[in-house]
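> Below is the file input.cif, which contains mmCIF, C-alpha atoms.
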```cif
data_model
#
loop_
_atom_site.label_atom_id
_atom_site.label_comp_id
_atom_site.auth_asym_id
_atom_site.auth_seq_id
_atom_site.Cartn_x
_atom_site.Cartn_y
_atom_site.Cartn_z
CA VAL A 1377 33.54 0.86 42.44
CA GLY A 1378 33.95 1.14 38.67
CA ALA A 1379 31.26 1.70 36.03
CA LYS A 1380 31.02 0.59 32.43
CA GLN A 1381 28.28 0.38 29.76
CA GLU A 1382 26.77 -2.86 28.47
CA ASN A 1383 24.60 -3.18 25.37
CA VAL A 1384 21.55 -5.39 25.99
CA SER A 1385 19.16 -5.67 23.02
CA GLY A 1386 20.13 -2.25 21.78
CA VAL A 1387 19.78 -0.60 25.21
CA MET A 1388 22.88 0.75 26.92
CA LEU A 1389 22.86 -0.30 30.57
CA PRO A 1390 25.33 0.83 33.23
CA ALA A 1391 27.19 -2.03 34.90
CA PHE A 1392 29.00 -1.50 38.16
CA GLU A 1393 31.88 -3.62 39.41
CA SER A 1394 33.76 -3.51 42.66
CA GLN A 1395 37.52 -3.20 42.64
CA VAL A 1396 39.40 -4.64 45.57
CA GLN A 1397 42.92 -3.46 46.24
CA ALA A 1398 45.16 -6.49 46.45
CA SER A 1399 48.02 -4.66 48.13
CA GLY A 1400 49.03 -5.59 51.61
CA SER A 1401 46.69 -4.59 54.36
CA GLN A 1402 47.69 -2.41 57.25
CA PHE A 1403 46.16 -4.84 59.63
CA GLU A 1404 48.01 -8.03 58.66
CA LEU A 1405 49.83 -8.40 61.89
CA THR A 1406 47.12 -7.06 64.11
CA GLY A 1407 46.28 -9.35 66.99
CA LEU A 1408 48.76 -12.15 66.79
CA GLY A 1409 46.36 -14.17 68.85
CA ARG A 1410 42.89 -14.82 67.67
CA GLY A 1411 41.81 -11.20 67.15
CA GLY A 1412 43.61 -10.89 63.82
CA GLN A 1413 41.80 -13.85 62.33
CA GLN A 1414 38.43 -12.40 63.27
CA ILE A 1415 39.35 -9.09 61.70
CA GLN A 1416 40.49 -10.88 58.53
CA LYS A 1417 37.21 -12.87 58.37
CA THR A 1418 35.18 -9.72 58.94
CA ARG A 1419 37.16 -7.96 56.24
CA ALA A 1420 36.53 -10.83 53.76
CA VAL A 1421 32.82 -10.92 54.59
CA TYR A 1422 32.65 -7.12 54.21
CA ILE A 1423 34.37 -7.30 50.80
CA LYS A 1424 31.87 -9.98 49.67
CA ALA A 1425 28.98 -7.88 50.97
CA VAL A 1426 30.23 -4.82 49.05
CA GLU A 1427 30.63 -6.91 45.88
CA MET A 1428 27.08 -8.24 46.26
CA LEU A 1429 25.73 -4.74 46.92
CA VAL A 1430 27.49 -3.44 43.81
CA GLU A 1431 26.07 -6.33 41.74
CA LEU A 1432 22.60 -5.73 43.22
CA ALA A 1433 22.82 -2.00 42.40
CA SER A 1434 23.90 -2.84 38.87
CA LEU A 1435 20.97 -5.25 38.40
CA GLN A 1436 18.47 -2.82 39.95
CA THR A 1437 19.61 -0.02 37.67
CA ALA A 1438 19.38 -2.35 34.66
CA PHE A 1439 15.85 -3.40 35.66
CA VAL A 1440 14.69 0.19 36.06
CA ILE A 1441 16.13 1.22 32.68
CA LEU A 1442 14.75 -1.89 30.95
CA ASP A 1443 11.33 -1.24 32.52
CA GLU A 1444 11.31 2.30 31.12
CA VAL A 1445 12.38 1.05 27.69
CA ILE A 1446 9.66 -1.62 27.73
CA LYS A 1447 7.01 0.95 28.67
CA LEU A 1448 8.18 3.23 25.86
CA THR A 1449 8.11 0.34 23.41
CA ASN A 1450 4.60 -0.63 24.54
CA ARG A 1451 3.44 2.95 23.97
CA ARG A 1452 4.89 2.85 20.47
CA VAL A 1453 3.26 -0.52 19.77
CA ASN A 1454 -0.10 0.76 21.00
CA ALA A 1455 0.26 3.92 18.91
CA ILE A 1456 0.99 1.86 15.83
CA GLU A 1457 -1.76 -0.68 16.54
CA TYR A 1458 -4.55 1.71 17.54
CA VAL A 1459 -3.71 4.93 15.64
CA ILE A 1460 -1.43 4.47 12.66
CA ILE A 1461 -2.77 1.14 11.34
CA PRO A 1462 -6.46 2.27 11.49
CA ARG A 1463 -5.55 5.50 9.67
CA ILE A 1464 -3.76 3.56 6.94
CA GLU A 1465 -6.68 1.11 6.66
CA ASN A 1466 -9.11 4.03 6.34
CA THR A 1467 -6.93 5.57 3.66
CA ILE A 1468 -6.77 2.26 1.79
CA SER A 1469 -10.56 1.82 1.94
CA TYR A 1470 -11.05 5.42 0.72
CA ILE A 1471 -8.67 4.85 -2.19
CA ASN A 1472 -10.43 1.58 -3.06
CA SER A 1473 -13.84 3.27 -3.02
CA GLU A 1474 -12.55 6.08 -5.24
CA LEU A 1475 -11.06 3.56 -7.68
CA ASP A 1476 -14.35 1.63 -7.75
CA GLU A 1477 -16.22 4.85 -8.45
CA LEU A 1478 -13.81 5.69 -11.27
CA ASP A 1479 -14.34 2.20 -12.71
CA ARG A 1480 -18.11 2.67 -12.62
CA GLU A 1481 -17.80 6.08 -14.30
CA GLU A 1482 -15.53 4.63 -16.98
CA PHE A 1483 -17.93 1.73 -17.59
CA TYR A 1484 -20.87 4.15 -17.89
CA ARG A 1485 -18.91 6.41 -20.23
CA LEU A 1486 -17.91 3.46 -22.44
CA LYS A 1487 -21.53 2.25 -22.59
CA LYS A 1488 -22.68 5.74 -23.59
CA ILE A 1489 -20.02 5.94 -26.31
CA GLN A 1490 -20.94 2.48 -27.55
CA GLY A 1491 -24.63 3.45 -27.63
CA LYS A 1492 -23.87 6.62 -29.59
CA LYS A 1493 -21.74 4.67 -32.06
CA LYS A 1494 -24.58 2.17 -32.59
CA GLU A 1495 -27.03 5.04 -33.00
CA ARG A 1496 -24.78 6.74 -35.55
CA ALA A 1497 -24.30 3.47 -37.43
CA ALA A 1498 -28.08 2.88 -37.49
CA ASN A 1499 -28.65 6.47 -38.71
CA ALA A 1500 -26.03 6.02 -41.41
CA GLN A 1501 -27.63 2.72 -42.48
CA ARG A 1502 -31.09 4.35 -42.61
CA GLU A 1503 -29.64 7.24 -44.62
CA LEU A 1504 -28.04 4.79 -47.09
CA GLU A 1505 -31.31 2.88 -47.39
CA ARG A 1506 -33.24 6.13 -47.92
CA LYS A 1507 -30.80 7.28 -50.59
CA ALA A 1508 -30.93 3.87 -52.25
CA ALA A 1509 -34.71 4.00 -52.27
CA GLU A 1510 -34.65 7.53 -53.72
CA THR A 1511 -32.16 6.47 -56.38
CA LEU A 1512 -34.26 3.44 -57.19
CA ALA A 1513 -37.37 5.56 -57.41
CA THR A 1514 -35.53 8.03 -59.63
CA ALA A 1515 -34.27 5.19 -61.81
CA ASP A 1516 -37.77 3.75 -62.09
CA ASP A 1517 -39.08 7.17 -63.06
CA ASN A 1518 -36.35 7.46 -65.69
CA ASP A 1519 -37.20 4.00 -67.05
CA ASN A 1520 -40.83 4.96 -67.20
CA ASP A 1521 -39.89 8.17 -69.01
CA ASP A 1522 -37.81 6.16 -71.50
CA GLU A 1523 -40.68 3.82 -72.12
CA HIS A 1524 -42.95 6.77 -72.73
CA GLY A 1525 -40.48 8.16 -75.21
CA ALA A 1526 -38.60 10.77 -73.28
CA ALA A 1527 -35.90 12.06 -75.59
CA GLY A 1528 -32.28 12.76 -74.56
CA SER A 1529 -32.45 11.04 -71.18
CA SER A 1530 -29.33 9.19 -70.23
CA ASP A 1531 -29.34 5.58 -69.23
CA THR A 1532 -28.33 5.73 -65.56
CA ARG A 1533 -28.66 2.82 -63.25
CA ASN A 1534 -28.61 2.52 -59.52
CA ILE A 1535 -25.57 0.50 -58.59
CA LEU A 1536 -26.88 -0.05 -55.07
CA SER A 1537 -30.20 -1.45 -56.18
CA GLU A 1538 -30.79 -5.15 -56.36
CA GLN A 1539 -31.47 -5.19 -60.10
CA ASN A 1540 -29.49 -7.56 -62.28
CA ASP A 1541 -27.14 -5.88 -64.70
CA SER A 1542 -27.19 -7.01 -68.27
CA ASP A 1543 -24.02 -8.69 -69.44
CA ILE A 1544 -21.71 -6.50 -71.45
CA ILE A 1545 -19.69 -8.15 -74.21
CA PHE A 1546 -16.59 -6.42 -75.51
#
```
Could I get this structure in the form of structure tokens?

Amino acid sequence: VGAKQENVSGVMLPAFESQVQASGSQFELTGLGRGGQQIQKTRAVYIKAVEMLVELASLQTAFVILDEVIKLTNRRVNAIEYVIIPRIENTISYINSELDELDREEFYRLKKIQGKKKERAANAQRELERKAAETLATADDNDNDDEHGAAGSSDTRNILSEQNDSDIIF
């Protein structure tokens, strides 16, 4: 009996084969009558039986090894399906929730900044309007002083006011 290794789907399986010696038998001339033929038939049947037993042993060993490999593969598949994949899905959902929260925070922050900018712009506009009104009031007071004969007052005008300027000819 000889043994060799066969690769079946990435699994090394032992394969047995029987080796029959083809050299002359010691019993070739035994029983020149009918006894020798019976011995030769028995010998041939025995050789076939041994070959079948060797093939059966080879197949049985292959089945046992393949069964173990299939069980191991099923354990790995179950581990991936019921442990690893749910962990990865939980991690993905956690990352998505964190990203959504960051988006909400960013949106809130941008709205706050936009509100502050609008508030600053409104304050600046009110300040400009207040200054324009003060300048206009000051200009009106100066005009009133000029009309009442205030001496040495300069003729200053409010550029921001809505008064029409007189045309200047050069």
> What does the distance between CA of Ile1456 in chain A and CA of Ala1438 in chain A come to in Å, to one decimal place?
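That distance, rounded to one decimal, is 26.7 Å.
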> Could you check which of A:Gln1501, A:Thr1511, A:Ser1394, A:Thr1437 is closest to Glu1382 in chain A, using all atoms listed in the file?
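Using all atoms listed in the file, Glu1382 in chain A sits closest to A:Thr1437.
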> With all atoms of range 1472-1482 of chain A from the file as input, state the centre and edge lengths in Å to one decimal of the axis-aligned box that has 4 Å extra on each side, as lines of an AutoDock Vina configuration file.

```
center_x = -14.3
center_y = 3.8
center_z = -10.0
size_x = 15.7
size_y = 12.5
size_z = 22.0
```
> Can you turn the PyMOL selection byres ((chain A and resi 1440-1453) around 12) into a concrete residue list for this file, as a PDB file with C-alpha atoms, in the coordinates of the input?

```
ATOM      1  CA  ASN A1383      24.600  -3.180  25.370  1.00  0.00           C
ATOM      2  CA  VAL A1384      21.550  -5.390  25.990  1.00  0.00           C
ATOM      3  CA  SER A1385      19.160  -5.670  23.020  1.00  0.00           C
ATOM      4  CA  GLY A1386      20.130  -2.250  21.780  1.00  0.00           C
ATOM      5  CA  VAL A1387      19.780  -0.600  25.210  1.00  0.00           C
ATOM      6  CA  MET A1388      22.880   0.750  26.920  1.00  0.00           C
ATOM      7  CA  LEU A1389      22.860  -0.300  30.570  1.00  0.00           C
ATOM      8  CA  PRO A1390      25.330   0.830  33.230  1.00  0.00           C
ATOM      9  CA  ALA A1391      27.190  -2.030  34.900  1.00  0.00           C
ATOM     10  CA  ALA A1433      22.820  -2.000  42.400  1.00  0.00           C
ATOM     11  CA  SER A1434      23.900  -2.840  38.870  1.00  0.00           C
ATOM     12  CA  LEU A1435      20.970  -5.250  38.400  1.00  0.00           C
ATOM     13  CA  GLN A1436      18.470  -2.820  39.950  1.00  0.00           C
ATOM     14  CA  THR A1437      19.610  -0.020  37.670  1.00  0.00           C
ATOM     15  CA  ALA A1438      19.380  -2.350  34.660  1.00  0.00           C
ATOM     16  CA  PHE A1439      15.850  -3.400  35.660  1.00  0.00           C
ATOM     17  CA  ASN A1454      -0.100   0.760  21.000  1.00  0.00           C
ATOM     18  CA  ALA A1455       0.260   3.920  18.910  1.00  0.00           C
ATOM     19  CA  ILE A1456       0.990   1.860  15.830  1.00  0.00           C
ATOM     20  CA  GLU A1457      -1.760  -0.680  16.540  1.00  0.00           C
ATOM     21  CA  TYR A1458      -4.550   1.710  17.540  1.00  0.00           C
ATOM     22  CA  VAL A1459      -3.710   4.930  15.640  1.00  0.00           C
ATOM     23  CA  ILE A1460      -1.430   4.470  12.660  1.00  0.00           C
ATOM     24  CA  ILE A1461      -2.770   1.140  11.340  1.00  0.00           C
TER      25      ILE A1461
END
```
